[in-house]
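> For reference, the structure I am asking about is given below.
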Number of protein chains: 2
Amino acid sequence: MADQKIHITLFGGGHVGSHMAKSLLKLPQVQLQQIYNRKRESIIAFENETEIIDDLSLLKPADLFILALKDDIIEDFSKKLIKFDTLTVHTSGSVPLSALQTQSKGVFYPFQTFSKDREYIDFSHIPILIEATNTQDLNLLNRLGNMLSNIVQVVQSDQRKALHISGVFAANFVNHMYEQAAEILEENQLSFDLIKPLIMEVAQKVQDLSPAQAQTGPAIRRDEKTIQSHLAFLTDDNQNKIYKLLTESIQKETKHD
Amino acid sequence: MADQKIHITLFGGGHVGSHMAKSLLKLPQVQLQQIYNRKRESIIAFENETEIIDDLSLLKPADLFILALKDDIIEDFSKKLIKFDTLTVHTSGSVPLSALQTQSKGVFYPFQTFSKDREYIDFSHIPILIEATNTQDLNLLNRLGNMLSNIVQVVQSDQRKALHISGVFAANFVNHMYEQAAEILEENQLSFDLIKPLIMEVAQKVQDLSPAQAQTGPAIRRDEKTIQSHLAFLTDDNQNKIYKLLTESIQKETKHD
């Protein structure tokens with residue numbers, strides 16, 4: 001090829017899609033030639049930077065189709081792309097490679113949490129987990145992955161699922177703990193700002209130490225007096241249940257060591 | 001006084017005590033004149049910077065005694081200091097002010113997690129929560145707090161307890177979620193390094209957004225298919241229980257909105 005650029009069409013204008021579009025548009029060796037979304041309004045922000053379409057009959061030939069779509073529509077949507085004979089990848093943590101119905105298929109999974117409300121996400125520190133059915137496709141995904149990120153790794157569907165589940169614990173459940181903290185603070189006329197430095201330090205700590213080494217608090221100290229006084233304080237039934245289960249769980253882990 | 005320095009004696013060589021000693025030693029307006037610990041070895045690192053003692057009969061008069069001691073010995077230990085008639089504060093989140101048996105008493109609570117394995121902690125971003133029984137004592141604690149940190153706030157014992165409990169959720173339980181993630185990754189031959197950027201981003205997000213706004217994942221999307229597939233994957237009974245309880249809890253919160 002005279003033109004060494006990777007010609008990409010991106011499908012989807014949600015959290016992952018729009019953050020990925022922003023990053024792909026910055027890559028000199030990538031031609032993000034079209035962005036498709038069922039609703040044109042959701043991708044209108046990109047209309048000056050690339051062609052935005054809401055009609056599949058306008059699709060141009062490409063080297064790569066990236067489906068940044070909701071998990072449950074990936075399989076059906078991929079059927080509409082069979083005739084293009086183009087390597088088609090999805091970006092999901094929990095959908096297996098085999099869900100894609102195209103001949104050439106793969107996975108291009110950025111392991112990060114994406115929110116609409118976050119202006120910009122730097123992909124260079126986001127691990128990208130790739131999977132494909134043959135070496136040629138894997139090489140293309142690897143090449144693209146390395147343009148975006150410093151961490152590109154091949155993982156099979158089962159491992160990717162494990163990674164996704166670990167993310168539910170370390171992101172969704174962690175955030176839910178923050179939410180409990182926010183509620184307790186609010187009920188006691190205390191600002192959430194007071195806990196922000198603690199939240200950062202706890203995350204920072206496990207960049208260097210293992211979580212097992214980093215654990216502190218009444219549960220691991222087996223400080224029953226404090227634990228009981230906290231349980232008495234927590235009148236919310238749900239918070240009380242969570243406190244009990246996680247305290248027991250921390251104490252179990254310690255016994256195993 | 002000709003000498004405007006605050007003369008302080010610090011008691012305790014544990015996580016909080018040693019981090020606090022390092023920071024107090026840097027303050028030009030503080031004279032950290034003695035550090036006491038039951039075992040001299042634990043505070044030997046400070047022997048060139050101040051007087052280290054393991055014998056209470058060597059105590060000098062001071063403006064302030066800071067007890068960075070374990071929660072359950074604070075009350076008894078404070079009895080030994082009654083005769084000095086010195087403002088005595090503890091640094092605990094869960095011990096009430098009234099536990100101190102000295103005439104002048106207060107609380108000087110740095111709201112942060114301290115580990116021996118962390119070399120240095122910058123106190124300037126750590127909220128310091130203070131409490132005292134009279135304005136004069138409160139002013140001294142406020143003055144000292146502001147030398148160490150940008151965030152000093154007066155909170156009463158009940159509010160301090162709420163703050164401490166919120167910290168159990170946002171620090172100890174969060175760290176336990178990291179530990180579950182680490183176990184799942186290890187069992188599936190994946191490096192914990194892969195999840196570190198996600199952990200930082202989740203903590204970073206709630207510096208700007210509320211945790212409720214920041215929530216993502218299968219629970220809040222009510223993606224039952226993914227939730228069931230995750231539960232089937234989690235063979236560890238304890239992890240299974242945690243996954244279920246926290247998924248339900250996330251879905252309850254959303255209903256309330």
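Ordered as shown in the structure tokens, chains take letters A, B, and onward, while each chain numbers its residues from 1 and ligands are numbered from 1 in the order shown.
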Could you name the residues that touch B:Ala68 at 6 Å or less, counting only C-alpha atoms, but leaving out those on the same chain fewer than 3 positions away, as a ChimeraX atom specification?
/B:11-12,17,91
> Where does DSSP see helix (DSSP H, G or I) in stretch 132-257 of chain B, if you list the residues as a VMD selection string?
chain B and resid 135 to 148 157 to 187 192 to 208 211 to 214 218 to 221 224 to 233 237 to 256
> Can you tell me, as a VMD selection string, what residues are no more than 8 Å from stretch 189-203 of chain B when counting only C-alpha atoms, ignoring any on the same chain fewer than 4 positions away?
(chain A and resid 111 to 113 125 to 127 159 163 167 170 to 171 174 to 175 199 to 200 203 to 204 206 to 207) or (chain B and resid 182 185 207)
> Using only C-alpha atoms, determine which residues lie at most 7 Å from stretch 33-48 of chain A, disregarding the query and same-chain residues fewer than 3 positions distant; provide the list as a compact mmCIF listing (two decimals) with N, CA and C atoms, in the first residue's frame.

# COMPACT_ATOMS: atom_id res chain seq x y z
N HIS A 7 -7.26 2.74 7.90
CA HIS A 7 -8.57 3.37 7.67
C HIS A 7 -9.61 2.72 8.57
N ILE A 8 -10.16 3.54 9.45
CA ILE A 8 -11.05 3.02 10.48
C ILE A 8 -12.43 3.65 10.39
N THR A 9 -13.45 2.82 10.59
CA THR A 9 -14.80 3.34 10.82
C THR A 9 -15.21 2.94 12.23
N LEU A 10 -15.68 3.93 12.98
CA LEU A 10 -16.07 3.69 14.38
C LEU A 10 -17.60 3.71 14.46
N PHE A 11 -18.14 2.74 15.18
CA PHE A 11 -19.59 2.66 15.36
C PHE A 11 -19.93 2.91 16.83
N GLY A 12 -20.76 3.91 17.08
CA GLY A 12 -21.18 4.15 18.45
C GLY A 12 -20.73 5.51 18.95
N GLY A 13 -21.64 6.23 19.60
CA GLY A 13 -21.32 7.56 20.11
C GLY A 13 -21.50 7.68 21.61
N GLU A 51 -16.43 12.31 8.69
CA GLU A 51 -17.79 12.15 8.15
C GLU A 51 -18.64 11.42 9.18
N ILE A 52 -19.75 11.99 9.55
CA ILE A 52 -20.62 11.30 10.50
C ILE A 52 -21.87 10.83 9.77
N ILE A 53 -22.24 9.57 10.02
CA ILE A 53 -23.37 8.98 9.28
C ILE A 53 -24.32 8.25 10.23
N ASP A 54 -25.58 8.15 9.79
CA ASP A 54 -26.57 7.37 10.55
C ASP A 54 -27.24 6.35 9.62
> As a list in words, please: the residues near A:Gln156 (cut-off 12 Å, only C-alpha atoms, same-chain neighbours under 6 positions excluded).
Gly93, Ser94, Val95, Pro96, Leu97, Ser98, Gly106, Val107, Phe108, Tyr109, Leu129, Ile130, Glu131, Ala132, Thr133, Leu138, Ala162 and Leu163 of chain A; Asn188, Gln189 and Leu190 of chain B
> May I have the selected residues written with N, CA and C atoms, as a CSV table (one decimal), in the first residue's frame?

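This is the output file again-v2.csv:
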chain,number,residue,atom,x,y,z
A,93,GLY,N,-15.7,-5.7,27.5
A,93,GLY,CA,-15.0,-6.6,28.4
A,93,GLY,C,-15.7,-7.9,28.6
A,94,SER,N,-17.0,-7.9,28.4
A,94,SER,CA,-17.8,-9.2,28.7
A,94,SER,C,-18.3,-10.0,27.5
A,95,VAL,N,-18.2,-9.4,26.3
A,95,VAL,CA,-18.8,-10.1,25.2
A,95,VAL,C,-17.7,-11.0,24.6
A,96,PRO,N,-17.9,-12.3,24.3
A,96,PRO,CA,-16.9,-13.1,23.8
A,96,PRO,C,-16.6,-12.8,22.3
A,97,LEU,N,-15.4,-13.1,21.8
A,97,LEU,CA,-15.0,-12.8,20.4
A,97,LEU,C,-16.1,-13.5,19.5
A,98,SER,N,-16.5,-14.7,19.9
A,98,SER,CA,-17.4,-15.5,19.0
A,98,SER,C,-18.8,-14.8,18.8
A,106,GLY,N,-12.4,-9.6,16.0
A,106,GLY,CA,-11.4,-9.4,17.1
A,106,GLY,C,-12.0,-8.6,18.2
A,107,VAL,N,-11.2,-8.4,19.2
A,107,VAL,CA,-11.6,-7.6,20.3
A,107,VAL,C,-10.5,-6.5,20.6
A,108,PHE,N,-10.9,-5.3,20.9
A,108,PHE,CA,-10.1,-4.2,21.2
A,108,PHE,C,-10.6,-3.5,22.4
A,109,TYR,N,-10.2,-4.0,23.6
A,109,TYR,CA,-10.9,-3.6,24.8
A,109,TYR,C,-10.0,-2.7,25.7
A,129,LEU,N,-6.5,-4.5,25.7
A,129,LEU,CA,-6.5,-6.0,25.6
A,129,LEU,C,-7.0,-6.4,24.3
A,130,ILE,N,-6.2,-7.1,23.5
A,130,ILE,CA,-6.6,-7.4,22.1
A,130,ILE,C,-6.8,-9.0,22.0
A,131,GLU,N,-7.6,-9.3,21.0
A,131,GLU,CA,-7.8,-10.7,20.7
A,131,GLU,C,-8.2,-10.8,19.2
A,132,ALA,N,-7.8,-11.8,18.5
A,132,ALA,CA,-8.2,-12.0,17.1
A,132,ALA,C,-8.0,-13.5,16.8
A,133,THR,N,-8.5,-13.9,15.6
A,133,THR,CA,-8.5,-15.3,15.2
A,133,THR,C,-7.3,-15.7,14.4
A,138,LEU,N,-4.3,-9.9,14.4
A,138,LEU,CA,-3.7,-9.5,15.7
A,138,LEU,C,-2.6,-8.5,15.5
A,162,ALA,N,-12.5,-12.3,33.3
A,162,ALA,CA,-11.9,-12.1,34.6
A,162,ALA,C,-11.5,-10.7,34.9
A,163,LEU,N,-10.8,-10.1,33.9
A,163,LEU,CA,-10.4,-8.7,34.0
A,163,LEU,C,-11.6,-7.8,34.2
B,188,ASN,N,-6.3,-15.7,37.3
B,188,ASN,CA,-6.4,-15.8,35.9
B,188,ASN,C,-5.1,-15.4,35.2
B,189,GLN,N,-4.0,-15.5,35.9
B,189,GLN,CA,-2.7,-15.2,35.3
B,189,GLN,C,-2.6,-13.8,34.6
B,190,LEU,N,-3.2,-12.8,35.3
B,190,LEU,CA,-3.2,-11.5,34.8
B,190,LEU,C,-2.5,-10.6,35.9
> Determine the nearest neighbour of chain B from the options A:Ile82, A:Ala181, A:Ile6, A:Leu234, counting only C-alpha atoms.
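Of A:Ile82, A:Ala181, A:Ile6, A:Leu234, the one nearest chain B, counting only C-alpha atoms, is A:Ala181.
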> How many Å separate atom CA of B:Leu209 from atom CA of B:Gln180?
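Result for atom CA of B:Leu209 versus atom CA of B:Gln180: 25.2 Å, one decimal.
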> Looking at A:Leu25, A:Leu140, A:Leu32, A:Val16, which one is nearest to chain B, with distances taken over only C-alpha atoms?
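Among the listed residues, A:Val16 lies closest to chain B.
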> Rank nothing, just name the residue among B:Leu141, B:Met147, B:Ile128, B:Ile165 nearest to B:Phe65, using only C-alpha atoms.
B:Leu141
> Using backbone DSSP assignments, extract all strand (DSSP E) residues from stretch 86-154 of chain B; output them as a list in words.
Leu87, Thr88, Val89, His90, Lys105, Gly106, Val107, Phe108, Tyr109, Pro110, Ile128, Leu129, Ile130, Glu131, Ala132, Val152, Gln153 and Val154 of chain B
> From the set A:Lys205, A:His19, A:Arg143, A:His230, which residue has the shortest atom-to-atom contact distance to A:Tyr243, counting only C-alpha atoms?
A:His230
> To one decimal place in Å, what is the distance between atom CA of A:Ser92 and atom CA of A:Ile74?
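Going from atom CA of A:Ser92 over to atom CA of A:Ile74 covers 9.1 Å.
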> Between atom CA of A:Glu186 and atom CA of B:Val155, measure the distance and give it in Å to one decimal.
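Those two atoms sit 13.9 Å apart.
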> Nearest to chain A among B:Ala214, B:Asp236, B:Phe77, B:Leu64, with distances taken over only C-alpha atoms: which residue is it?
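Smallest distance to chain A is found for B:Ala214.
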> Could you tell me which of A:Met177, A:Thr235, A:Asp223, A:Leu56 comes closest to chain B if we count only C-alpha atoms?
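Using only C-alpha atoms, chain B sits closest to A:Met177.
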> Do you know which residues are at most 8 Å from A:Leu245 counting only C-alpha atoms, after dropping those on the same chain fewer than 4 positions away, and could you put them as number ranges by chain?
A: 241, 249; B: 242
